[in-house]
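*Asks:* Dumping the structure here so I can ask a few things about it.
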Amino acid sequence: MYSDKAANKLLRKRLFNRRQQTLLYIALCVVLLSTILLTGNLITEETLRVSFTEKNLQPSLSHIYGTDWFGRDMFLRTVKGLSLSIIIGVVATVASGIIALILGVAAAIGGKKLDTFINWLIDVVMGLPHLIFLILISFVLGKGPQGIIIGIILTHWTYIARVIRAEVLQLKSSQYVLASRSFGKSNWYIARHHILPHVLPQFLVGLILMFPHAILHEASLTFLGFGLSPHQPGIGVILSESLKYLSTGQWWIALMPGLSLLIIVILFDLLGEKVEALINPYKAHE
């Protein structure tokens, strides 16, 4: 008896410590994201002024990311580019997630024909190469931020929609949903009161995990010349411009912005896993 109590106490302590660590990690990611966004909005063209007396400087205490061929501070350019990428990623991710939520719930609680059509649409979109599809959409819409955002919205909703559909199909056979149907409640009432509260955790995790893909695709499109214009301080623009100077030994111009983008992507990928472990009762006991 004592050993069982001790084991349960140890398990509760481990779960409490994991919850504390997860909440701390979430807070750090939110602070980092907010800091980048706020700092990026404070950086103006005057801050990124040209200074030929300081051009092509390697990373140092005065310029931790070095300077480029115009003498502009690469750290400030990187933060400005990351803030722009984050804004595009957040807008596109939220809009794409809303589409996924609506279609996923509709496929599960609608009729068989609607479910078949949405499943077919999911298979079609998932079968298309995302990058090529994004390039086509961006090209048709005249490039720029609007082309990237609409392209990401139209291509990144499929995974979340499929997860939500599977979750709703399981909920449809639960006792409280069957009881609501026996009382004559409508599909809209069941979806709003019984289904949406249960799928929101999966929806939140899907949004967080979709965000790194969105900013990577934004940077990839811009790098290939189908995204942001060269006059906008995007990470893809910085990486594309830096290729011309790598052969001259200016490695920091490409490495530091690329490494910063990679760190942001990894952080939010881990954030999605932490949030899933926090709200998923099965993973919480692993």
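As shown in the structure tokens, the chain order sets the letters A, B, ...; within each chain, residues go from 1, and ligands are also counted from 1 in the order they appear.
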Using only C-alpha atoms, which residues sit within 9 Å of range 25-30 of chain A once same-chain residues fewer than 3 positions away are excluded, as a VMD selection string?

*Replies:* chain A and resid 20 to 22 33 to 35 267 to 268 271 274 to 275

*Asks:* Considering only alpha helix (DSSP H) as DSSP defines it on the backbone, what residues of range 65-232 of chain A qualify? List them as a ChimeraX atom specification.

*Replies:* /A:74-109,112-127,130-140,144-155,158-172,175-182,187-190,196-224

*Asks:* Please, could you write that set of residues out with C-alpha atoms as a compact mmCIF listing (two decimals), in the first residue's frame?

*Replies:*
# COMPACT_ATOMS: atom_id res chain seq x y z
CA MET A 74 22.69 42.42 -40.23
CA PHE A 75 21.17 41.79 -36.81
CA LEU A 76 18.67 44.61 -37.28
CA ARG A 77 17.91 43.45 -40.83
CA THR A 78 17.39 39.90 -39.57
CA VAL A 79 15.02 40.97 -36.78
CA LYS A 80 13.07 43.13 -39.25
CA GLY A 81 12.85 40.21 -41.68
CA LEU A 82 11.78 37.77 -38.96
CA SER A 83 9.05 40.12 -37.75
CA LEU A 84 7.66 40.37 -41.28
CA SER A 85 7.80 36.60 -41.69
CA ILE A 86 6.06 36.08 -38.34
CA ILE A 87 3.23 38.47 -39.25
CA ILE A 88 2.68 36.71 -42.58
CA GLY A 89 2.91 33.31 -40.91
CA VAL A 90 0.42 34.16 -38.15
CA VAL A 91 -2.18 35.64 -40.53
CA ALA A 92 -1.92 32.78 -43.01
CA THR A 93 -1.87 30.10 -40.31
CA VAL A 94 -4.96 31.39 -38.48
CA ALA A 95 -6.95 31.77 -41.71
CA SER A 96 -5.92 28.34 -42.96
CA GLY A 97 -6.73 26.83 -39.57
CA ILE A 98 -10.23 28.30 -39.61
CA ILE A 99 -10.83 26.72 -43.03
CA ALA A 100 -9.57 23.39 -41.69
CA LEU A 101 -11.84 23.61 -38.63
CA ILE A 102 -14.94 24.38 -40.68
CA LEU A 103 -14.30 21.71 -43.31
CA GLY A 104 -13.22 19.10 -40.78
CA VAL A 105 -16.36 19.51 -38.68
CA ALA A 106 -18.59 19.75 -41.76
CA ALA A 107 -17.15 16.55 -43.21
CA ALA A 108 -17.83 14.64 -40.00
CA ILE A 109 -21.32 15.87 -39.13
CA LYS A 112 -22.13 11.27 -46.83
CA LYS A 113 -21.90 13.29 -50.05
CA LEU A 114 -20.36 16.26 -48.25
CA ASP A 115 -17.89 14.00 -46.45
CA THR A 116 -16.90 12.36 -49.74
CA PHE A 117 -16.41 15.73 -51.45
CA ILE A 118 -14.29 17.19 -48.62
CA ASN A 119 -12.17 14.02 -48.45
CA TRP A 120 -11.64 14.23 -52.20
CA LEU A 121 -10.66 17.90 -51.88
CA ILE A 122 -8.19 17.07 -49.10
CA ASP A 123 -6.61 14.32 -51.21
CA VAL A 124 -6.30 16.64 -54.21
CA VAL A 125 -4.62 19.44 -52.26
CA MET A 126 -2.32 17.05 -50.39
CA GLY A 127 -1.36 15.37 -53.66
CA HIS A 130 3.09 22.55 -52.01
CA LEU A 131 5.98 24.67 -53.23
CA ILE A 132 4.95 24.47 -56.89
CA PHE A 133 1.34 25.21 -55.99
CA LEU A 134 2.46 28.18 -53.87
CA ILE A 135 4.59 29.51 -56.73
CA LEU A 136 1.65 29.30 -59.14
CA ILE A 137 -0.73 31.05 -56.75
CA SER A 138 1.81 33.74 -55.91
CA PHE A 139 2.57 34.32 -59.59
CA VAL A 140 -1.12 34.58 -60.52
CA GLY A 144 3.93 40.18 -52.78
CA PRO A 145 2.63 39.40 -49.28
CA GLN A 146 -0.95 38.85 -50.46
CA GLY A 147 0.12 36.09 -52.86
CA ILE A 148 2.10 34.30 -50.13
CA ILE A 149 -0.69 34.57 -47.57
CA ILE A 150 -3.41 33.31 -49.92
CA GLY A 151 -1.14 30.53 -51.17
CA ILE A 152 -0.43 29.30 -47.64
CA ILE A 153 -4.11 29.55 -46.72
CA LEU A 154 -5.14 27.40 -49.68
CA THR A 155 -2.47 24.71 -49.19
CA THR A 158 -5.50 19.75 -45.13
CA TYR A 159 -3.65 18.07 -42.25
CA ILE A 160 -5.62 19.84 -39.51
CA ALA A 161 -8.90 19.19 -41.36
CA ARG A 162 -8.16 15.48 -41.53
CA VAL A 163 -7.25 15.32 -37.82
CA ILE A 164 -10.37 17.23 -36.80
CA ARG A 165 -12.58 15.06 -39.01
CA ALA A 166 -11.24 11.90 -37.38
CA GLU A 167 -11.75 13.37 -33.91
CA VAL A 168 -15.32 14.44 -34.67
CA LEU A 169 -16.17 11.01 -36.07
CA GLN A 170 -15.19 9.50 -32.71
CA LEU A 171 -17.21 12.10 -30.80
CA LYS A 172 -20.32 11.41 -32.89
CA GLN A 175 -23.17 9.01 -25.26
CA TYR A 176 -23.76 12.75 -24.77
CA VAL A 177 -23.92 13.39 -28.52
CA LEU A 178 -26.37 10.51 -28.99
CA ALA A 179 -28.42 11.85 -26.10
CA SER A 180 -28.52 15.31 -27.69
CA ARG A 181 -29.73 13.81 -30.94
CA SER A 182 -32.44 11.87 -29.12
CA ASN A 187 -26.23 19.52 -35.92
CA TRP A 188 -25.27 23.15 -35.27
CA TYR A 189 -26.17 22.84 -31.58
CA ILE A 190 -24.20 19.59 -31.25
CA LEU A 196 -15.98 22.25 -30.79
CA PRO A 197 -14.90 22.29 -27.10
CA HIS A 198 -13.30 18.85 -27.60
CA VAL A 199 -11.51 19.57 -30.89
CA LEU A 200 -10.13 22.98 -29.91
CA PRO A 201 -7.02 21.49 -28.23
CA GLN A 202 -6.13 19.56 -31.41
CA PHE A 203 -6.91 22.70 -33.40
CA LEU A 204 -4.55 24.79 -31.24
CA VAL A 205 -1.71 22.26 -31.55
CA GLY A 206 -2.25 22.08 -35.32
CA LEU A 207 -2.00 25.86 -35.60
CA ILE A 208 1.27 25.97 -33.67
CA LEU A 209 2.77 23.17 -35.76
CA MET A 210 1.57 24.80 -38.99
CA PHE A 211 3.25 28.10 -38.17
CA PRO A 212 6.87 26.97 -38.80
CA HIS A 213 5.85 25.52 -42.18
CA ALA A 214 4.20 28.80 -43.10
CA ILE A 215 7.23 30.98 -42.40
CA LEU A 216 9.56 28.49 -44.10
CA HIS A 217 7.41 28.52 -47.23
CA GLU A 218 7.31 32.32 -47.11
CA ALA A 219 11.11 32.45 -46.95
CA SER A 220 11.43 29.82 -49.71
CA LEU A 221 9.10 31.68 -52.08
CA THR A 222 10.87 34.97 -51.44
CA PHE A 223 14.26 33.31 -51.91
CA LEU A 224 13.15 31.99 -55.31

*Asks:* For a test of reading the model, state the distance in Å between CA of His194 in chain A and CA of Leu23 in chain A, rounded to one decimal.

*Replies:*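 Spanning CA of His194 in chain A to CA of Leu23 in chain A is a straight-line distance of 27.0 Å.
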
*Asks:* Can you work out which one of A:Asn56, A:Ser174, A:Ser186, A:Ser229 has the shortest atom-to-atom distance to Ile253 in chain A, counting only C-alpha atoms?

*Replies:*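 Among the listed residues, A:Asn56 lies closest to Ile253 in chain A.
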
*Asks:* Between CA of Thr53 in chain A and CA of Leu243 in chain A, what is the spacing in Å?

*Replies:*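 For CA of Leu243 in chain A relative to CA of Thr53 in chain A, the distance reads 22.3 Å.
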
*Asks:* How far is it from CA of Thr67 in chain A to CA of Asn41 in chain A, in Å with one decimal?

*Replies:*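 Between these atoms lies a distance of 20.3 Å.
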